[in-house]
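A.B. asks: I'd like to ask some things about the structure below.
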Amino acid sequence: MEFDFKSLVIIMMSAVLVNNYVLRQFLGVCPFLGVSKDLKSSAGMGLSVLFVMIMAAAATWPIQVYLLTPNGLGFMQTVVFILIIATLVQLVEVVLRKFLPAIFASLGIYLPLMTTNCAVFAVTISNINNEYTFIEALVSAVGAGLGFLLAMVIFTGVREQTAAADPPEAFKGIPITLISAAILSLAFFAFEGVIENLFK
Amino acid sequence: MKSKEILTRGIVKENPVFVLILGLCPVLAVSTQAENAIGMGLATTFVLLGSNIVISLLRNVIPSRIRIPCYIVLISSFTALAKMAIEAYAYPLYQALGIFLPLIATNCIIFARAEIFASRNNIKDSVLDAVGSGVGFTLALLAIATIREVLGSGSFFGFALPWLEDNTTMIFALAPGGFIVLACILAVVNYVSKGQATKRQLGCDGCPSAMSCGKLKEINDGI
């Protein structure tokens, strides 16, 4: 297995900053808007997404490369990946509850329904579409998870400020939250070009 | 409930995007071009229709304890079907939608309709419900995409518009534009309905992700 540190750094930076899953690619917008009211829950959600993304990437990559592709079963990808993620999440929940109750107490509530978090599913599919190696797939999952966590935590700070503001009546609630998300997304455009100039 | 009401409910009164605020990821992501929006809307409608029909037929067979895994399998199978059909017959659309095509499988609108409606109603009503919600979703996507394409790319369905073509506002074609346009439309919905329509913070009833997003507070209080 080739090991190219430079390309790993590029994949990582790209996933965290330039192609941030929530703010640039609109993946995982629902939890991003729903669970970002206080820091404790947004960090918990972000960490569970990071954790499940790594596990899911590690589980789906070998299945696709060694089982589905050689047997011409590529069309089963959607069904198989969703089932793997669903099973995995259940498994992780059981293992955490038994052996690491402290972590389970803080992350447990976010785990069960990570199944249908589109960001997790998207990481596994884009790993295959980009033809990453196993290490690259893991790094991209870590990057995507960190990017999600970063966006969640920053956005929680923004929302704590907007909660004290007084927007026009019609914009109260979800519209003003979306406007703040738009401004945060604009801020992430500042990272454009970071990758190209990383190793100049 | 009358058939007509079931059909029109999904389009106006319970529009999945503008009123229930469900399935925002694909709405924001593929709404840069009106053509892609229609494609995505129709693909989602197909999956919605297929899953509603089968779940309605099997509603007395599927044990309620394992209903969510069953829905996941059914919905992702229909998604795979739609994906393959689009790849075969509309390749440019397949490329434009990219990763959001398999992601129909995790769209909460479809789960919501399966859980709230198809699992409790007969097949005729379920079909009407799926068509209503699907059309509502497609129209909502088209509305957002029209604004974003006209302002962001200066065209409509790929046809260049005079003047606008030379004076595009890039932000509408980029990610922040999606948030801004949706925010403004929701504000209008809020204004017209005097805050009644989007009264709920996040409408995630019936979505299997509900526990990890909108309903988190209630669960926290419960433990």
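To be explicit about the labels: the chains of the structure tokens are called A, B, and onward in the order shown, and within each one the residues are counted from 1, while ligands get numbers from 1 in the order they are shown.
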Which residues, written as an MDAnalysis selection string, have at least one atom at most 8 Å from Ser133 of chain B, with only C-alpha atoms counted and residues fewer than 3 positions away on the same chain left out?

C.D. replies: chainID B and resid 7 9:11 15:16 45 129:130 136:137

A.B. asks: Residues of chain A that have any atom at most 7 Å from an atom of chain B: could you tabulate them with the shortest-distance atom pair and the distance in Å to one decimal, using only C-alpha atoms, ordered by chain and increasing number, as CSV?

C.D. replies:
residue,atom,partner,partner_atom,distance
A:Arg24,CA,B:Ala175,CA,5.6
A:Gln25,CA,B:Ala29,CA,6.7
A:Phe26,CA,B:Cys25,CA,5.2
A:Leu27,CA,B:Cys25,CA,5.7
A:Gly28,CA,B:Cys25,CA,6.7
A:Val29,CA,B:Cys25,CA,5.7
A:Cys30,CA,B:Leu24,CA,6.7
A:Pro31,CA,B:Cys213,CA,4.9
A:Gly34,CA,B:Cys213,CA,5.0
A:Val35,CA,B:Cys213,CA,5.4
A:Phe75,CA,B:Ala80,CA,6.9
A:Thr78,CA,B:Ala80,CA,6.1
A:Val79,CA,B:Ser76,CA,5.2
A:Tyr110,CA,B:Ser212,CA,5.0
A:Leu113,CA,B:Ser209,CA,5.0
A:Met114,CA,B:Ser209,CA,6.7
A:Thr116,CA,B:Thr106,CA,5.0
A:Asn117,CA,B:Thr106,CA,6.8
A:Cys118,CA,B:Thr106,CA,5.8
A:Ala122,CA,B:Ile99,CA,6.9
A:Ala170,CA,B:Ala187,CA,5.0
A:Phe171,CA,B:Ala187,CA,5.1
A:Pro175,CA,B:Ala183,CA,4.3
A:Ile176,CA,B:Ala183,CA,6.9
A:Leu178,CA,B:Phe179,CA,5.4
A:Ile179,CA,B:Ile180,CA,5.6
A:Ala181,CA,B:Phe179,CA,6.8
A:Ala182,CA,B:Pro176,CA,4.3
A:Ile183,CA,B:Pro176,CA,6.9
A:Ser185,CA,B:Pro176,CA,5.6
A:Leu186,CA,B:Pro176,CA,5.9

A.B. asks: For segment 5-17 of chain A, work out the shell of residues within 7 Å, counting only C-alpha atoms and skipping chain neighbours fewer than 4 positions away, then give it as a list of chain:residue names.

C.D. replies: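 Counting only the stated atoms, we get A:Glu136, A:Val139, A:Ser140, A:Gly143, A:Ala144, A:Leu146, A:Gly147, A:Phe188, A:Phe191, A:Ile195.
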
A.B. asks: Using backbone DSSP assignments, extract all alpha helix (DSSP H) residues from segment 6-191 of chain B; output them as a PyMOL selection string.

C.D. replies: chain B and resi 6-9+24-29+34-57+67-89+91-97+108-113+123-152+170-173+175-191

A.B. asks: So which residues touch segment 50-64 of chain B within 9 Å, counting only C-alpha atoms, skipping near sequence neighbours fewer than 5 positions away, as a list in words?

C.D. replies: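 Using only C-alpha atoms, the neighbours found are Thr45, Cys70, Tyr71, Leu74, Ile75, Phe78, Ile110, Arg113, Ala114, Phe117, Ala118, Ser119, Arg120, Asn121, Asn122, Ile123, Lys124, Ser126, Val127, Asp129 and Ala130 of chain B.
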
A.B. asks: Can you work out the spacing between atom CA of Ala43 of chain A and atom CA of Leu149 of chain A in Å, to one decimal?

C.D. replies: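 One can read the atom CA of Ala43 of chain A to atom CA of Leu149 of chain A distance as 6.6 Å.
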